[in-house]
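Structure below is final.csv: CSV, C-alpha atoms.
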chain,number,residue,atom,x,y,z
A,28,MET,CA,-45.4,45.6,-54.9
A,29,THR,CA,-47.9,42.8,-54.4
A,30,PRO,CA,-48.0,41.5,-50.7
A,31,VAL,CA,-47.0,37.9,-50.1
A,32,SER,CA,-49.2,35.8,-47.8
A,33,ILE,CA,-47.6,33.0,-45.7
A,34,ILE,CA,-50.0,30.3,-44.9
A,35,ASP,CA,-49.3,27.8,-42.0
A,36,ASP,CA,-50.9,24.6,-43.0
A,37,SER,CA,-49.2,22.4,-40.4
A,38,GLY,CA,-52.5,22.0,-38.7
A,39,VAL,CA,-51.1,23.2,-35.4
A,40,ASP,CA,-52.8,26.1,-33.6
A,41,ARG,CA,-50.5,29.1,-33.3
A,42,ASP,CA,-51.8,29.8,-29.8
A,43,THR,CA,-50.6,26.4,-28.6
A,44,PRO,CA,-46.9,26.3,-27.6
A,45,SER,CA,-44.9,23.5,-29.2
A,46,ARG,CA,-43.7,20.8,-26.7
A,47,LYS,CA,-40.1,19.8,-26.5
A,48,PRO,CA,-38.6,16.6,-25.0
A,49,TRP,CA,-37.5,16.8,-21.4
A,50,TRP,CA,-33.8,16.6,-22.3
A,51,PHE,CA,-33.9,19.5,-24.8
A,52,GLY,CA,-33.2,22.3,-22.3
A,53,PRO,CA,-30.3,20.5,-20.5
A,54,ALA,CA,-28.8,19.6,-23.9
A,55,ILE,CA,-28.9,23.2,-25.2
A,56,ILE,CA,-27.2,24.4,-21.9
A,57,ALA,CA,-24.5,21.7,-22.1
A,58,ILE,CA,-23.8,22.6,-25.8
A,59,ALA,CA,-23.6,26.3,-24.9
A,60,VAL,CA,-21.3,25.7,-21.9
A,61,GLY,CA,-19.1,23.3,-23.9
A,62,ALA,CA,-18.8,25.8,-26.7
A,63,THR,CA,-17.9,28.5,-24.3
A,64,LEU,CA,-15.3,26.6,-22.3
A,65,GLY,CA,-14.0,24.4,-25.2
A,66,THR,CA,-14.8,21.3,-23.1
A,67,VAL,CA,-14.8,17.9,-25.0
A,68,VAL,CA,-16.7,15.0,-23.4
A,69,SER,CA,-14.3,12.0,-23.6
A,70,GLU,CA,-14.9,8.3,-23.5
A,71,PRO,CA,-14.3,6.4,-20.3
A,72,ALA,CA,-10.7,5.4,-19.6
A,73,PRO,CA,-9.8,1.9,-20.9
A,74,PRO,CA,-9.1,-0.7,-18.2
A,75,PRO,CA,-5.4,-1.2,-17.4
A,76,THR,CA,-3.3,-3.6,-19.4
A,77,ALA,CA,-2.1,-6.8,-17.7
A,78,ALA,CA,1.4,-5.3,-17.1
A,79,GLU,CA,-0.1,-2.1,-15.7
A,80,LEU,CA,-2.4,-4.1,-13.4
A,81,VAL,CA,0.5,-6.1,-12.0
A,82,ARG,CA,2.6,-3.0,-11.5
A,83,LYS,CA,-0.2,-1.2,-9.6
A,84,SER,CA,-0.9,-4.3,-7.5
A,85,ILE,CA,2.8,-4.4,-6.5
A,86,GLU,CA,2.7,-0.7,-5.6
A,87,LYS,CA,-0.4,-1.3,-3.4
A,88,PHE,CA,1.2,-4.4,-1.8
A,89,SER,CA,4.3,-2.4,-0.9
A,90,ARG,CA,2.2,0.0,1.1
A,91,LEU,CA,0.5,-2.7,3.2
A,92,THR,CA,1.2,-2.4,6.9
A,93,SER,CA,0.4,-6.1,7.5
A,94,TYR,CA,-0.9,-9.1,5.6
A,95,GLN,CA,-1.5,-12.9,6.0
A,96,LYS,CA,-1.1,-15.5,3.4
A,97,VAL,CA,-1.6,-19.3,3.4
A,98,GLY,CA,-0.1,-21.7,0.9
A,99,VAL,CA,0.1,-25.3,0.0
A,100,ALA,CA,3.0,-26.9,-1.9
A,101,THR,CA,2.7,-30.3,-3.7
A,102,TYR,CA,5.8,-32.1,-5.1
A,103,PRO,CA,7.1,-35.5,-6.0
A,104,ASP,CA,8.0,-37.6,-2.9
A,105,PRO,CA,9.4,-41.1,-3.3
A,106,ARG,CA,7.8,-42.1,0.0
A,107,THR,CA,4.2,-41.1,-0.8
A,108,ALA,CA,4.2,-40.4,-4.5
A,109,ARG,CA,3.0,-36.8,-3.8
A,110,GLY,CA,4.2,-34.8,-0.9
A,111,ARG,CA,2.3,-31.9,0.6
A,112,ARG,CA,3.3,-29.0,2.7
A,113,TRP,CA,1.2,-26.2,4.3
A,114,ILE,CA,2.5,-22.8,5.1
A,115,THR,CA,1.0,-19.8,6.9
A,116,VAL,CA,2.8,-16.4,6.9
A,117,ASP,CA,1.9,-13.4,9.0
A,118,VAL,CA,3.8,-10.1,8.3
A,119,GLU,CA,3.7,-6.9,10.3
A,120,ARG,CA,5.8,-4.1,8.7
A,121,PRO,CA,8.4,-3.3,9.5
A,122,GLY,CA,10.3,-6.2,10.9
A,123,LYS,CA,7.8,-8.8,12.3
A,124,THR,CA,7.1,-12.1,10.6
A,125,ARG,CA,5.7,-15.5,11.7
A,126,VAL,CA,6.0,-18.6,9.5
A,127,VAL,CA,4.4,-21.9,10.3
A,128,TRP,CA,5.2,-25.0,8.2
A,129,GLU,CA,3.2,-28.2,8.4
A,130,SER,CA,3.7,-31.3,6.3
A,131,ASP,CA,2.5,-34.9,5.8
A,132,ASP,CA,5.5,-35.9,8.0
A,133,PRO,CA,5.0,-34.7,11.6
A,134,LEU,CA,8.7,-34.3,12.0
A,135,GLY,CA,8.7,-31.8,9.1
A,136,SER,CA,6.7,-29.1,11.0
A,137,ASN,CA,8.6,-25.9,11.9
A,138,GLU,CA,7.8,-22.5,13.2
A,139,PHE,CA,9.8,-19.2,12.8
A,140,VAL,CA,9.3,-15.8,14.4
A,141,GLN,CA,11.3,-12.8,13.3
A,142,VAL,CA,11.1,-9.6,15.4
A,143,ASP,CA,13.2,-6.8,14.1
A,144,SER,CA,16.7,-8.3,13.3
A,145,ARG,CA,16.3,-11.3,15.6
A,146,ARG,CA,15.0,-14.7,14.4
A,147,TYR,CA,13.7,-17.6,16.5
A,148,GLU,CA,12.8,-21.1,15.5
A,149,ARG,CA,11.4,-24.3,16.9
A,150,ARG,CA,10.5,-27.7,15.7
A,151,PRO,CA,7.7,-29.0,18.0
A,152,PRO,CA,7.7,-30.5,20.5
A,153,VAL,CA,11.2,-28.9,21.1
A,154,GLY,CA,11.3,-25.4,22.6
A,155,TRP,CA,12.3,-22.1,21.0
A,156,PHE,CA,15.9,-21.1,20.2
A,157,GLU,CA,17.4,-18.0,18.7
A,158,ASN,CA,18.9,-18.5,15.2
A,159,VAL,CA,21.8,-16.1,15.0
A,160,PHE,CA,23.0,-17.7,11.8
A,161,ARG,CA,20.1,-17.3,9.3
A,162,SER,CA,19.6,-13.7,8.1
A,163,PRO,CA,16.2,-12.1,8.3
A,164,ASP,CA,14.2,-11.4,5.2
A,165,PRO,CA,11.1,-9.2,4.6
A,166,SER,CA,8.5,-11.8,4.0
A,167,GLY,CA,9.7,-14.7,6.2
A,168,LEU,CA,10.6,-16.7,3.1
A,169,ALA,CA,13.9,-15.8,1.5
A,170,SER,CA,13.4,-14.3,-2.0
A,171,PRO,CA,16.6,-12.3,-2.8
A,172,LEU,CA,15.6,-11.7,-6.4
A,173,SER,CA,12.3,-10.0,-5.5
A,174,PRO,CA,11.9,-6.4,-4.3
A,175,LEU,CA,9.3,-7.3,-1.7
A,176,GLY,CA,10.5,-10.7,-0.6
A,177,GLU,CA,7.6,-12.0,-2.7
A,178,PRO,CA,8.7,-13.9,-5.8
A,179,TRP,CA,5.7,-12.9,-7.9
A,180,ALA,CA,6.8,-9.3,-7.7
A,181,ALA,CA,9.9,-10.1,-9.8
A,182,ILE,CA,7.9,-10.1,-13.1
A,183,ASP,CA,8.9,-10.4,-16.7
A,184,PRO,CA,6.7,-8.0,-18.6
A,185,SER,CA,7.6,-9.4,-22.0
A,186,THR,CA,5.8,-12.7,-21.2
A,187,LEU,CA,2.7,-11.3,-19.4
A,188,ARG,CA,-0.7,-12.4,-20.8
A,189,GLU,CA,-4.2,-12.5,-19.4
A,190,VAL,CA,-5.8,-15.9,-19.1
A,191,ASP,CA,-9.4,-15.2,-17.9
A,192,GLN,CA,-11.4,-13.1,-15.4
A,193,PRO,CA,-12.8,-15.5,-12.8
A,194,ARG,CA,-14.5,-14.6,-9.5
A,195,ILE,CA,-12.8,-15.5,-6.3
A,196,ASP,CA,-14.7,-15.3,-3.0
A,197,GLY,CA,-17.5,-13.5,-4.9
A,198,LEU,CA,-15.2,-10.8,-6.3
A,199,SER,CA,-14.1,-10.4,-9.9
A,200,THR,CA,-10.4,-10.9,-10.6
A,201,ARG,CA,-8.1,-10.8,-13.6
A,202,HIS,CA,-6.0,-13.9,-14.0
A,203,ILE,CA,-2.5,-13.2,-15.4
A,204,ARG,CA,0.3,-15.6,-16.3
A,205,TYR,CA,4.0,-15.0,-17.1
A,206,ALA,CA,7.1,-17.0,-17.4
A,207,ALA,CA,10.0,-17.3,-14.9
A,208,THR,CA,13.3,-19.0,-15.3
A,209,PRO,CA,13.4,-22.5,-13.6
A,210,ALA,CA,16.4,-21.5,-11.5
A,211,THR,CA,14.5,-18.5,-10.1
A,212,LEU,CA,11.5,-20.5,-9.0
A,213,ALA,CA,13.8,-23.2,-7.5
A,214,ASP,CA,15.8,-20.7,-5.5
A,215,THR,CA,13.2,-18.1,-4.5
A,216,VAL,CA,10.0,-20.3,-4.1
A,217,PHE,CA,10.7,-24.0,-3.6
A,218,ALA,CA,14.1,-24.1,-1.8
A,219,PRO,CA,13.0,-21.7,1.0
A,220,ILE,CA,10.0,-24.0,1.8
A,221,GLY,CA,12.2,-27.1,1.8
A,222,VAL,CA,11.1,-28.6,-1.5
A,223,ASP,CA,13.9,-30.2,-3.5
A,224,THR,CA,13.6,-29.5,-7.3
A,225,LEU,CA,17.0,-30.9,-8.3
A,226,GLY,CA,15.5,-33.8,-10.3
A,227,ALA,CA,13.5,-31.5,-12.5
A,228,LEU,CA,16.3,-29.0,-13.0
A,229,ARG,CA,18.8,-31.7,-14.0
A,230,SER,CA,16.4,-33.3,-16.4
A,231,GLY,CA,16.2,-30.2,-18.6
A,232,THR,CA,13.5,-31.9,-20.7
A,233,ASN,CA,10.5,-29.7,-21.6
A,234,LEU,CA,10.8,-27.9,-18.3
A,235,GLN,CA,8.1,-25.2,-17.9
A,236,SER,CA,8.1,-22.7,-15.2
A,237,THR,CA,5.3,-20.2,-14.7
A,238,VAL,CA,3.9,-17.7,-12.3
A,239,GLU,CA,0.2,-17.0,-12.2
A,240,VAL,CA,-1.5,-14.1,-10.2
A,241,TRP,CA,-5.1,-13.3,-9.6
A,242,ILE,CA,-5.7,-9.6,-9.0
A,243,ARG,CA,-9.0,-8.2,-7.7
A,244,THR,CA,-10.5,-5.8,-10.3
A,245,ALA,CA,-12.1,-3.4,-7.8
A,246,ASP,CA,-9.1,-2.5,-5.7
A,247,MET,CA,-6.1,-4.1,-7.5
A,248,GLU,CA,-5.1,-6.2,-4.5
A,249,ILE,CA,-3.3,-9.5,-5.1
A,250,ALA,CA,-5.7,-12.3,-4.2
A,251,ARG,CA,-3.9,-15.5,-5.2
A,252,VAL,CA,-0.5,-16.7,-6.6
A,253,ARG,CA,0.5,-20.0,-8.1
A,254,TYR,CA,4.0,-21.1,-9.0
A,255,ALA,CA,4.6,-24.2,-11.1
A,256,LEU,CA,7.7,-26.1,-12.3
A,257,ILE,CA,6.7,-28.9,-14.6
A,258,ASN,CA,8.4,-31.4,-16.9
A,259,ALA,CA,7.3,-34.7,-18.4
A,260,ALA,CA,8.0,-36.6,-15.2
A,261,ASP,CA,7.7,-34.2,-12.3
A,262,GLU,CA,5.3,-31.5,-11.2
A,263,TYR,CA,6.0,-29.0,-8.4
A,264,ARG,CA,3.3,-26.5,-7.5
A,265,PHE,CA,3.0,-23.9,-4.7
A,266,GLU,CA,-0.3,-21.9,-4.4
A,267,GLU,CA,-0.8,-19.0,-1.9
A,268,SER,CA,-3.9,-17.0,-1.0
A,269,TYR,CA,-3.8,-13.6,0.6
A,270,LEU,CA,-6.4,-13.3,3.3
A,271,PHE,CA,-6.0,-10.3,5.6
A,272,ARG,CA,-4.5,-6.9,4.8
A,273,ASN,CA,-3.8,-4.0,7.1
A,274,GLU,CA,-5.2,-5.9,10.0
A,275,ALA,CA,-3.5,-7.0,13.3
A,276,PRO,CA,-2.5,-10.7,13.2
A,277,ARG,CA,-4.9,-13.0,15.0
A,278,THR,CA,-1.9,-13.9,17.2
A,279,ALA,CA,0.5,-11.2,18.1
A,280,ILE,CA,4.0,-11.6,16.6
A,281,VAL,CA,6.4,-11.3,19.6
A,282,ALA,CA,9.7,-12.8,20.6
A,283,PRO,CA,9.3,-16.1,22.6
A,284,ALA,CA,9.2,-15.5,26.4
A,285,THR,CA,11.7,-18.3,27.1
A,286,LEU,CA,14.4,-19.9,25.0
A,287,SER,CA,15.7,-23.4,25.6
A,288,GLY,CA,18.0,-25.9,24.0
A,289,ARG,CA,21.3,-25.5,22.2
A,290,SER,CA,22.7,-22.6,20.4
A,291,THR,CA,22.7,-22.2,16.7
A,292,PRO,CA,23.8,-22.7,13.9
A,293,SER,CA,22.4,-26.2,13.4
A,294,PRO,CA,24.3,-28.9,11.5
A,295,VAL,CA,22.3,-28.3,8.3
A,296,MET,CA,22.9,-24.6,8.5
A,297,LEU,CA,26.7,-25.2,8.8
A,298,VAL,CA,26.7,-27.4,5.8
A,299,SER,CA,24.6,-24.8,3.9
A,300,ALA,CA,27.1,-22.1,4.8
A,301,TYR,CA,30.0,-24.2,3.7
A,302,LEU,CA,28.4,-25.1,0.3
A,303,SER,CA,27.2,-21.5,-0.3
A,304,ALA,CA,30.9,-20.4,0.1
A,305,THR,CA,32.3,-23.2,-2.2
A,306,ASN,CA,29.6,-22.4,-4.8
A,307,ALA,CA,30.7,-18.8,-4.8
A,308,GLY,CA,34.3,-19.9,-5.2
A,309,ASN,CA,35.1,-18.3,-1.8
A,310,GLU,CA,37.6,-20.7,-0.3
A,311,SER,CA,38.5,-18.5,2.6
A,312,ALA,CA,34.8,-18.2,3.7
A,313,ALA,CA,34.3,-22.0,3.4
A,314,LEU,CA,37.4,-22.6,5.6
A,315,GLN,CA,36.0,-20.3,8.3
A,316,VAL,CA,33.1,-22.6,8.8
A,317,TRP,CA,35.5,-25.3,9.9
A,318,HIS,CA,36.2,-25.9,13.6
A,319,ALA,CA,39.8,-25.1,14.5
A,320,SER,CA,40.8,-27.8,16.9
A,321,GLU,CA,44.2,-28.7,18.4
A,322,ALA,CA,43.0,-32.3,18.7
A,323,LEU,CA,43.1,-32.9,15.0
A,324,LEU,CA,46.0,-34.8,13.6
A,325,ALA,CA,48.4,-32.8,11.4
A,326,PRO,CA,47.3,-34.4,8.1
A,327,ASP,CA,43.6,-33.5,8.7
A,328,PRO,CA,43.8,-29.7,8.3
A,329,GLU,CA,45.9,-30.2,5.1
A,330,ARG,CA,43.3,-32.7,3.7
A,331,ARG,CA,40.4,-30.3,4.6
A,332,VAL,CA,42.2,-27.4,2.9
A,333,ALA,CA,42.8,-29.4,-0.2
A,334,ALA,CA,39.2,-30.7,-0.3
A,335,THR,CA,37.8,-27.2,0.2
A,336,HIS,CA,40.1,-25.8,-2.5
A,337,GLU,CA,38.9,-28.4,-5.0
A,338,LEU,CA,35.2,-27.9,-4.2
A,339,ALA,CA,35.5,-24.1,-4.3
A,340,SER,CA,37.4,-24.2,-7.7
A,341,LEU,CA,34.6,-26.2,-9.2
A,342,GLY,CA,31.8,-24.1,-7.6
A,343,VAL,CA,30.2,-27.1,-5.9
A,344,GLY,CA,26.8,-26.2,-4.3
A,345,SER,CA,24.8,-24.7,-7.2
A,346,TYR,CA,22.1,-27.1,-6.1
A,347,TYR,CA,22.2,-29.8,-3.4
A,348,THR,CA,20.1,-32.2,-1.5
A,349,VAL,CA,20.7,-33.4,2.1
A,350,ARG,CA,20.1,-37.0,3.4
A,351,GLY,CA,19.8,-36.8,7.1
A,352,PRO,CA,21.0,-35.6,9.5
A,353,THR,CA,21.3,-38.8,11.5
A,354,TYR,CA,21.9,-37.8,15.1
A,355,ALA,CA,23.7,-39.9,17.7
A,356,ALA,CA,25.1,-39.5,21.3
A,357,VAL,CA,28.2,-41.5,20.6
A,358,PHE,CA,30.0,-42.9,17.5
A,359,GLY,CA,28.3,-46.1,16.5
A,360,GLY,CA,25.4,-45.5,18.9
A,361,PRO,CA,21.7,-45.6,18.1
A,362,ALA,CA,19.9,-42.6,16.5
A,363,VAL,CA,18.6,-40.1,19.0
A,364,ALA,CA,16.7,-36.8,18.8
A,365,GLU,CA,18.7,-33.7,17.8
A,366,TRP,CA,18.3,-32.3,21.4
A,367,ASP,CA,20.0,-35.3,22.9
A,368,ALA,CA,22.7,-35.7,20.2
A,369,ARG,CA,26.4,-35.1,20.4
A,370,LEU,CA,27.2,-35.7,16.7
A,371,ALA,CA,25.4,-35.5,13.4
A,372,MET,CA,26.1,-37.2,10.1
A,373,MET,CA,24.6,-36.4,6.7
A,374,GLY,CA,25.1,-37.2,3.1
A,375,VAL,CA,24.9,-34.5,0.4
A,376,THR,CA,24.5,-34.7,-3.3
A,377,ALA,CA,25.8,-31.5,-4.7
A,378,ILE,CA,26.0,-30.1,-8.2
A,379,ASP,CA,28.9,-27.9,-9.4
A,380,LYS,CA,28.8,-25.0,-11.9
A,381,GLY,CA,29.7,-27.4,-14.7
A,382,GLY,CA,26.7,-29.7,-13.9
A,383,ALA,CA,28.8,-32.5,-12.4
A,384,GLU,CA,27.5,-34.4,-9.4
A,385,HIS,CA,29.5,-34.8,-6.1
A,386,GLN,CA,28.7,-37.2,-3.3
A,387,LEU,CA,29.8,-35.7,0.0
A,388,GLY,CA,29.7,-36.8,3.7
A,389,PHE,CA,29.6,-34.3,6.5
A,390,LEU,CA,30.3,-34.8,10.2
A,391,VAL,CA,29.2,-32.2,12.7
A,392,LEU,CA,29.9,-32.3,16.4
A,393,VAL,CA,29.0,-30.3,19.5
A,394,SER,CA,31.9,-28.1,20.6
A,395,ASP,CA,32.6,-29.9,23.9
A,396,PHE,CA,32.8,-33.3,22.2
A,397,ALA,CA,35.7,-35.4,23.4
A,398,MET,CA,37.4,-35.3,20.0
A,399,LEU,CA,37.6,-31.4,20.1
A,400,SER,CA,39.9,-29.3,22.1
A,401,SER,CA,39.1,-26.8,24.8
A,402,THR,CA,39.7,-24.0,22.3
A,403,SER,CA,36.3,-24.8,20.8
A,404,PRO,CA,34.3,-21.6,20.0
A,405,GLY,CA,31.2,-21.2,22.0
A,406,PRO,CA,29.6,-23.2,24.8
A,407,GLY,CA,29.4,-27.0,24.9
A,408,SER,CA,25.9,-26.8,23.2
A,409,THR,CA,27.3,-25.2,20.0
A,410,TRP,CA,27.4,-27.3,16.8
A,411,THR,CA,30.7,-27.2,14.9
A,412,LEU,CA,31.6,-28.6,11.4
A,413,TYR,CA,34.2,-31.2,11.8
A,414,ASP,CA,34.8,-33.0,8.5
A,415,VAL,CA,33.8,-33.5,4.9
A,416,ILE,CA,34.8,-36.4,2.7
A,417,ASP,CA,34.0,-37.6,-0.8
A,418,CYS,CA,32.0,-40.8,-0.6
A,419,PRO,CA,29.7,-43.0,-2.7
A,420,ALA,CA,26.0,-42.4,-2.5
A,421,PHE,CA,25.3,-45.8,-0.9
A,422,VAL,CA,27.7,-44.9,1.9
A,423,CYS,CA,26.7,-41.3,2.5
Can you turn what I pasted into structure tokens?
Amino acid sequence: MTPVSIIDDSGVDRDTPSRKPWWFGPAIIAIAVGATLGTVVSEPAPPPTAAELVRKSIEKFSRLTSYQKVGVATYPDPRTARGRRWITVDVERPGKTRVVWESDDPLGSNEFVQVDSRRYERRPPVGWFENVFRSPDPSGLASPLSPLGEPWAAIDPSTLREVDQPRIDGLSTRHIRYAATPATLADTVFAPIGVDTLGALRSGTNLQSTVEVWIRTADMEIARVRYALINAADEYRFEESYLFRNEAPRTAIVAPATLSGRSTPSPVMLVSAYLSATNAGNESAALQVWHASEALLAPDPERRVAATHELASLGVGSYYTVRGPTYAAVFGGPAVAEWDARLAMMGVTAIDKGGAEHQLGFLVLVSDFAMLSSTSPGPGSTWTLYDVIDCPAFVC
């Protein structure tokens, strides 16, 4: 058999070892290990969808021990064209909240402190009093349709969409928008901060209601929220920024050291309780708000029962606006501050469940007023609902 010669004509000296790239060895090892273990190198996980991001931000928010947010509301105001209200909320979980309202009108400033199940209020320069009528809520602003007391947490996943990815305070965020029903925004956002949206709700013309949230990409914390209720004629906006998380408030949330002034509920709270009951059709609860006085003439209780029955049967109080109160020390006397008043009068425009409008006048007296009997509930400083009548808007 003839031998076969193999000639290497590559031009490379056999004594010189071939050079391999630096990554050749690690790659061979990785392939061998992967083949042995059956490991598959996967692609990086995709970023969360808008719905997933909102859900995770809600989960993180629910675990916060404390937070602070500041907000500004703008809304139509016949006196100034555009009204403005500033709100600061500090929350320490569980059970401590401070809310400070400020507005263009100095008389519209209020402060609330909630410690456990007790709530205190004041309207500067008047001192603090304990509000035993208004129930506490988790965020300081009533939001019964939201799991956290924060309206943005009551999302509608079917309408979620991402708008853009801006930077806020130097941090990247994802800007997400979704729809909300106008009644939900009116009840859980604007009504608790004292903004009347009745005009927009009654118009029903091209009414748009949206919630926008900005969520930080790095830690999925909520950074900013904007609520909007807009139609062709009116525009209501409320924007909040979340500043501090899991930090002690700059000012401790404690019950006021001293309380002064008259007991609660206030005249407006009594009217609110009455209309809440009539709106729910609860005639018995509405009548319980009345003051039972032996000084009333016999026809008066019958008239009040008949009026309450009519209002409750119609569900009056779905939405309402209050004009006043006007405070006085005596009937026909000049207007005075609430603290010096013995009676309060207010006009109310209320809408029933059928959409009809009712003009009502309310009279509230302190319980030791001369018109009331000695069987009045509570001390002489307690307000008590005395009367309600149907009346034209120009009278009430």
TODO: Select, from A:Glu129, A:Glu119, A:Glu70, A:Glu262, the residue with the minimum atom-to-atom distance to Asp143 of chain A, counting all atoms listed in the file.
DONE: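 Comparing A:Glu129, A:Glu119, A:Glu70, A:Glu262 against Asp143 of chain A, the winner is A:Glu119.
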Task: Nearest residue to Arg112 of chain A from the set A:Asp196, A:Leu187, A:Val81, A:Tyr263 (distances using all atoms listed in the file) - done: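 Nearest candidate to Arg112 of chain A out of A:Asp196, A:Leu187, A:Val81, A:Tyr263: A:Tyr263.
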Task: Distance query Val190 of chain A at most 7 Å, only C-alpha atoms, self and fewer than 4 positions along chain excluded, as a ChimeraX atom specification - done: /A:202-204
Task: Å distance separating atom CA of Glu248 of chain A from atom CA of Gly98 of chain A, one decimal place - done: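 Here the two named atoms are 17.2 Å from each other.
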Task: Spatial neighbours of Gly197 of chain A, max dist 12 Å, all atoms listed in the file, sep filter under 4 positions, as a list in words - done: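 Counting only the stated atoms, we get Pro193, Arg243, Thr244, Ala245 and Ala250 of chain A.
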- [ ] Compare A:Trp179, A:Val142, A:Arg90, A:Asn137 by their minimum atom-to-atom distance to Glu267 of chain A, counting all atoms listed in the file, and give me the closest one.
- [x]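 Of all the options, A:Trp179 lies closest to Glu267 of chain A.
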Open item on the list: Measuring between only C-alpha atoms, which one of A:Leu314, A:Ala260, A:Leu412, A:Ala282 shows the shortest distance to Phe156 of chain A?
Closed with: A:Ala282
Open item on the list: Could you list, as a ChimeraX atom specification, every residue within 8 Å of segment 283-286 of chain A, counting all atoms listed in the file and ignoring same-chain residues fewer than 3 positions away?
Closed with: /A:147,154-157
Can I get the residues of segment 367-393 of chain A within 7 Å of segment 339-360 of chain A, each with the closest pair of atoms and their distance in Å to one decimal, using only C-alpha atoms, sorted chain first then ascending number, as a tab-separated table?
residue	atom	partner	partner_atom	distance
A:Asp367	CA	A:Ala356	CA	6.8
A:Ala368	CA	A:Ala356	CA	4.6
A:Arg369	CA	A:Ala356	CA	4.7
A:Leu370	CA	A:Ala355	CA	5.6
A:Ala371	CA	A:Tyr354	CA	4.5
A:Met372	CA	A:Thr353	CA	5.2
A:Met373	CA	A:Pro352	CA	4.6
A:Gly374	CA	A:Arg350	CA	5.0
A:Val375	CA	A:Val349	CA	4.7
A:Thr376	CA	A:Thr348	CA	5.4
A:Ala377	CA	A:Tyr347	CA	4.2
A:Ile378	CA	A:Tyr346	CA	5.3
A:Asp379	CA	A:Val343	CA	3.8
A:Lys380	CA	A:Gly342	CA	5.3
TODO: State, in Å with one decimal place, the distance from atom CA of Leu256 of chain A to atom CA of Ser236 of chain A.
DONE: 4.5 Å
TODO: Rounded to one decimal place, report the atom CA of Ala213 of chain A-atom CA of Leu228 of chain A distance in Å.
DONE: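 Computing it gives 8.4 Å between the two atoms.
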Open item on the list: So that I can check the surroundings of Thr186 of chain A, please list as an NGL selection string every protein, DNA and RNA residue that reaches within 6 Å of it, counting only C-alpha atoms and ignoring chain neighbours fewer than 3 positions away.
Closed with: :A and (183 or 205-206)
Save out the residues we just selected, C-alpha atoms, as a PDB file, in the coordinates of the input.
ATOM      1  CA  ASP A 183       8.900 -10.400 -16.700  1.00  0.00           C
ATOM      2  CA  TYR A 205       4.000 -15.000 -17.100  1.00  0.00           C
ATOM      3  CA  ALA A 206       7.100 -17.000 -17.400  1.00  0.00           C
TER       4      ALA A 206
END
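With distances restricted to only C-alpha atoms, A:Asn273 is the closest residue to Leu91 of chain A from A:Thr208, A:Asn273, A:Arg145, A:Lys123.
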Task: Closest of A:Val140, A:Ala207, A:Ser311, A:Ile249 to Ser185 of chain A - atom-to-atom distances counting all atoms listed in the file - done: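 Ranking A:Val140, A:Ala207, A:Ser311, A:Ile249 by distance to Ser185 of chain A, first place goes to A:Ala207.
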Atoms added to segment 339-347 of chain A (N, CA, C and O atoms), reported as a PDB file, keeping the file's coordinate frame:
ATOM      1  N   ALA A 339      35.707 -25.487  -4.009  1.00  0.00           N
ATOM      2  CA  ALA A 339      35.500 -24.100  -4.300  1.00  0.00           C
ATOM      3  C   ALA A 339      35.910 -23.775  -5.776  1.00  0.00           C
ATOM      4  O   ALA A 339      35.273 -22.962  -6.454  1.00  0.00           O
ATOM      5  N   SER A 340      36.965 -24.410  -6.274  1.00  0.00           N
ATOM      6  CA  SER A 340      37.400 -24.200  -7.700  1.00  0.00           C
ATOM      7  C   SER A 340      36.367 -24.681  -8.658  1.00  0.00           C
ATOM      8  O   SER A 340      36.252 -24.132  -9.758  1.00  0.00           O
ATOM      9  N   LEU A 341      35.597 -25.700  -8.286  1.00  0.00           N
ATOM     10  CA  LEU A 341      34.600 -26.200  -9.200  1.00  0.00           C
ATOM     11  C   LEU A 341      33.208 -25.552  -8.968  1.00  0.00           C
ATOM     12  O   LEU A 341      32.276 -25.772  -9.742  1.00  0.00           O
ATOM     13  N   GLY A 342      33.088 -24.736  -7.910  1.00  0.00           N
ATOM     14  CA  GLY A 342      31.800 -24.100  -7.600  1.00  0.00           C
ATOM     15  C   GLY A 342      30.745 -25.054  -7.174  1.00  0.00           C
ATOM     16  O   GLY A 342      29.565 -24.936  -7.532  1.00  0.00           O
ATOM     17  N   VAL A 343      31.139 -26.031  -6.355  1.00  0.00           N
ATOM     18  CA  VAL A 343      30.200 -27.100  -5.900  1.00  0.00           C
ATOM     19  C   VAL A 343      29.169 -26.408  -4.951  1.00  0.00           C
ATOM     20  O   VAL A 343      29.521 -25.660  -4.033  1.00  0.00           O
ATOM     21  N   GLY A 344      27.889 -26.708  -5.182  1.00  0.00           N
ATOM     22  CA  GLY A 344      26.800 -26.200  -4.300  1.00  0.00           C
ATOM     23  C   GLY A 344      25.786 -25.389  -5.059  1.00  0.00           C
ATOM     24  O   GLY A 344      24.936 -24.757  -4.430  1.00  0.00           O
ATOM     25  N   SER A 345      25.813 -25.407  -6.417  1.00  0.00           N
ATOM     26  CA  SER A 345      24.800 -24.700  -7.200  1.00  0.00           C
ATOM     27  C   SER A 345      23.400 -25.196  -6.745  1.00  0.00           C
ATOM     28  O   SER A 345      22.472 -24.404  -6.546  1.00  0.00           O
ATOM     29  N   TYR A 346      23.275 -26.501  -6.629  1.00  0.00           N
ATOM     30  CA  TYR A 346      22.100 -27.100  -6.100  1.00  0.00           C
ATOM     31  C   TYR A 346      22.561 -28.334  -5.256  1.00  0.00           C
ATOM     32  O   TYR A 346      23.578 -28.957  -5.573  1.00  0.00           O
ATOM     33  N   TYR A 347      21.827 -28.663  -4.211  1.00  0.00           N
ATOM     34  CA  TYR A 347      22.200 -29.800  -3.400  1.00  0.00           C
ATOM     35  C   TYR A 347      21.030 -30.348  -2.639  1.00  0.00           C
ATOM     36  O   TYR A 347      20.062 -29.631  -2.363  1.00  0.00           O
TER      37      TYR A 347
END
